[in-house]
Each structure stands twice: as structure tokens, then as C-alpha cells.
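One structure is given below, encoded as C-alpha cells.
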Amino acid sequence: MAKYVFSFRVPSAYAPDAGTPAEWRAWFAGLGPALVDVGNAVTGYASLGEVGGTGSRMVAYSVVSAEDMDTALALAKDCPVLRVGGGVEVGPVMEAAAS
């Protein structure tokens, strides 16, 4: 199985509501053993170069295990961030060779 990073992005003006933490916990629980690293929230950010549009900001990341990109995308399809107009960037992790 390969590892994939999920980078969660929300609209720039997004603010979570009282139910947001429970919604995320439920979604993470639903990922089951595919969730390798729940990740962390991002409390601030800066960017260099081209980054997925100026109307959004990164808020968190997670790492999952999936057979392929299609499977990783299927895992991301019910992410709570999608319900608030945000998005999930999905990318395979290229593990560095041990030296």
C-alpha cells in the first residue's frame, strides 16, 4: 500500500462552527485503518509560487494508506471540508531512500 497526503483547504473567510470538531472526528473514524497519521491543524500559513488559487487557505493535513490514487480519492470524497466550499489536495508520498 502507498501513502497519500491529504491537504485540506478552505475558503479564505471560513470559520468553523461548534459542530465542526465532531464532524471531523466522525469522518476520521470512518477512514478506519486507512488513516496512517491523523495529522495536525495548520494555524497560519504562507505560500510561495503557484498554490491552488488565491481564494483558499490550507487548514490541515492527514496521511492515509491506499492501493492507488483512485482509492485515495474515494477516501477523500466525503471529507467535511468539501461541504464548506473547500477542497482536498491528494498526493502520493515519495519515501526517501534510507542512506
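Labels for the C-alpha cells follow display order: chains A, B, ..., residues from 1 in each chain, ligands from 1.
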May I have the residues within 9 Å of Val90 in chain A as a PDB file with all heavy atoms, in the first residue's frame, using only C-alpha atoms and disregarding those fewer than 2 positions away in the same chain?
```pdb
ATOM      1  N   TYR A   4      -0.601   8.440   0.999  1.00  0.00           N
ATOM      2  CA  TYR A   4      -1.049   9.649   0.313  1.00  0.00           C
ATOM      3  C   TYR A   4      -1.277  10.747   1.343  1.00  0.00           C
ATOM      4  O   TYR A   4      -1.833  10.501   2.413  1.00  0.00           O
ATOM      5  CB  TYR A   4      -2.361   9.397  -0.443  1.00  0.00           C
ATOM      6  CG  TYR A   4      -2.177   8.474  -1.620  1.00  0.00           C
ATOM      7  CD1 TYR A   4      -2.156   7.100  -1.463  1.00  0.00           C
ATOM      8  CD2 TYR A   4      -1.990   8.990  -2.901  1.00  0.00           C
ATOM      9  CE1 TYR A   4      -1.967   6.244  -2.542  1.00  0.00           C
ATOM     10  CE2 TYR A   4      -1.793   8.140  -3.981  1.00  0.00           C
ATOM     11  CZ  TYR A   4      -1.783   6.775  -3.793  1.00  0.00           C
ATOM     12  OH  TYR A   4      -1.581   5.946  -4.865  1.00  0.00           O
ATOM     13  N   VAL A   5      -0.839  11.953   1.007  1.00  0.00           N
ATOM     14  CA  VAL A   5      -1.082  13.116   1.851  1.00  0.00           C
ATOM     15  C   VAL A   5      -2.382  13.769   1.400  1.00  0.00           C
ATOM     16  O   VAL A   5      -2.605  13.970   0.202  1.00  0.00           O
ATOM     17  CB  VAL A   5       0.074  14.132   1.736  1.00  0.00           C
ATOM     18  CG1 VAL A   5      -0.271  15.423   2.473  1.00  0.00           C
ATOM     19  CG2 VAL A   5       1.355  13.551   2.268  1.00  0.00           C
ATOM     20  N   PHE A   6      -3.228  14.070   2.351  1.00  0.00           N
ATOM     21  CA  PHE A   6      -4.423  14.881   2.105  1.00  0.00           C
ATOM     22  C   PHE A   6      -4.125  16.264   2.662  1.00  0.00           C
ATOM     23  O   PHE A   6      -3.843  16.411   3.848  1.00  0.00           O
ATOM     24  CB  PHE A   6      -5.644  14.332   2.842  1.00  0.00           C
ATOM     25  CG  PHE A   6      -6.235  13.068   2.288  1.00  0.00           C
ATOM     26  CD1 PHE A   6      -5.698  12.406   1.205  1.00  0.00           C
ATOM     27  CD2 PHE A   6      -7.378  12.544   2.872  1.00  0.00           C
ATOM     28  CE1 PHE A   6      -6.269  11.247   0.708  1.00  0.00           C
ATOM     29  CE2 PHE A   6      -7.959  11.387   2.384  1.00  0.00           C
ATOM     30  CZ  PHE A   6      -7.409  10.731   1.300  1.00  0.00           C
ATOM     31  N   SER A   7      -4.170  17.273   1.823  1.00  0.00           N
ATOM     32  CA  SER A   7      -4.001  18.656   2.256  1.00  0.00           C
ATOM     33  C   SER A   7      -5.384  19.303   2.182  1.00  0.00           C
ATOM     34  O   SER A   7      -5.988  19.359   1.109  1.00  0.00           O
ATOM     35  CB  SER A   7      -3.019  19.381   1.335  1.00  0.00           C
ATOM     36  OG  SER A   7      -2.986  20.754   1.639  1.00  0.00           O
ATOM     37  N   PHE A   8      -5.896  19.730   3.317  1.00  0.00           N
ATOM     38  CA  PHE A   8      -7.247  20.274   3.385  1.00  0.00           C
ATOM     39  C   PHE A   8      -7.211  21.789   3.231  1.00  0.00           C
ATOM     40  O   PHE A   8      -6.477  22.470   3.931  1.00  0.00           O
ATOM     41  CB  PHE A   8      -7.895  19.898   4.721  1.00  0.00           C
ATOM     42  CG  PHE A   8      -7.855  18.426   5.002  1.00  0.00           C
ATOM     43  CD1 PHE A   8      -7.072  17.930   6.025  1.00  0.00           C
ATOM     44  CD2 PHE A   8      -8.587  17.533   4.244  1.00  0.00           C
ATOM     45  CE1 PHE A   8      -7.030  16.570   6.304  1.00  0.00           C
ATOM     46  CE2 PHE A   8      -8.552  16.172   4.502  1.00  0.00           C
ATOM     47  CZ  PHE A   8      -7.772  15.689   5.536  1.00  0.00           C
ATOM     48  N   MET A  69      -4.204   5.943  -6.485  1.00  0.00           N
ATOM     49  CA  MET A  69      -4.774   7.298  -6.416  1.00  0.00           C
ATOM     50  C   MET A  69      -6.298   7.267  -6.412  1.00  0.00           C
ATOM     51  O   MET A  69      -6.928   8.017  -5.667  1.00  0.00           O
ATOM     52  CB  MET A  69      -4.255   8.150  -7.586  1.00  0.00           C
ATOM     53  CG  MET A  69      -4.806   9.565  -7.593  1.00  0.00           C
ATOM     54  SD  MET A  69      -4.347  10.571  -6.158  1.00  0.00           S
ATOM     55  CE  MET A  69      -2.774  11.196  -6.706  1.00  0.00           C
ATOM     56  N   ALA A  72      -7.426   6.497  -2.971  1.00  0.00           N
ATOM     57  CA  ALA A  72      -7.191   7.650  -2.094  1.00  0.00           C
ATOM     58  C   ALA A  72      -8.252   8.726  -2.322  1.00  0.00           C
ATOM     59  O   ALA A  72      -8.781   9.300  -1.371  1.00  0.00           O
ATOM     60  CB  ALA A  72      -5.792   8.217  -2.325  1.00  0.00           C
ATOM     61  N   LEU A  73      -8.578   8.988  -3.576  1.00  0.00           N
ATOM     62  CA  LEU A  73      -9.620   9.982  -3.878  1.00  0.00           C
ATOM     63  C   LEU A  73     -10.974   9.538  -3.339  1.00  0.00           C
ATOM     64  O   LEU A  73     -11.752  10.363  -2.843  1.00  0.00           O
ATOM     65  CB  LEU A  73      -9.694  10.224  -5.389  1.00  0.00           C
ATOM     66  CG  LEU A  73      -8.498  10.973  -5.972  1.00  0.00           C
ATOM     67  CD1 LEU A  73      -8.537  10.928  -7.499  1.00  0.00           C
ATOM     68  CD2 LEU A  73      -8.443  12.405  -5.467  1.00  0.00           C
ATOM     69  N   ALA A  76     -11.213  10.409   0.219  1.00  0.00           N
ATOM     70  CA  ALA A  76     -11.350  11.854   0.452  1.00  0.00           C
ATOM     71  C   ALA A  76     -12.721  12.402   0.090  1.00  0.00           C
ATOM     72  O   ALA A  76     -13.081  13.492   0.530  1.00  0.00           O
ATOM     73  CB  ALA A  76     -10.280  12.601  -0.347  1.00  0.00           C
ATOM     74  N   VAL A  88      -9.763  19.118  -1.108  1.00  0.00           N
ATOM     75  CA  VAL A  88      -8.724  18.233  -0.605  1.00  0.00           C
ATOM     76  C   VAL A  88      -7.732  17.997  -1.732  1.00  0.00           C
ATOM     77  O   VAL A  88      -8.117  17.522  -2.796  1.00  0.00           O
ATOM     78  CB  VAL A  88      -9.289  16.868  -0.143  1.00  0.00           C
ATOM     79  CG1 VAL A  88      -8.176  15.991   0.419  1.00  0.00           C
ATOM     80  CG2 VAL A  88     -10.411  17.047   0.863  1.00  0.00           C
ATOM     81  N   PRO A  92       0.595  11.345  -3.711  1.00  0.00           N
ATOM     82  CA  PRO A  92       1.348  10.218  -3.181  1.00  0.00           C
ATOM     83  C   PRO A  92       2.618  10.681  -2.478  1.00  0.00           C
ATOM     84  O   PRO A  92       3.245  11.652  -2.884  1.00  0.00           O
ATOM     85  CB  PRO A  92       1.679   9.392  -4.426  1.00  0.00           C
ATOM     86  CG  PRO A  92       1.633  10.362  -5.552  1.00  0.00           C
ATOM     87  CD  PRO A  92       0.645  11.423  -5.164  1.00  0.00           C
TER      88      PRO A  92
END
```
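Contact shell of range 38-42 of chain A at 7 Å (only C-alpha atoms; same-chain neighbours under 3 positions omitted): A:Leu35, A:Met58, A:Val59, A:Ala60, A:Tyr61, A:Ser62, A:Val63.
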Quick one: pick out all helix (DSSP H, G or I) residues within chain A from a backbone DSSP run and write them as a PyMOL selection string. chain A and resi 20-34+69-76+80-84
Residues of chain A in strand (DSSP E or B) according to DSSP, as number ranges by chain? A: 2-11, 35-41, 56-66, 87-92
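Counting only C-alpha atoms, the residue from A:Lys3, A:Pro11, A:Ser65, A:Cys79 that sits nearest to Met94 in chain A is A:Lys3.
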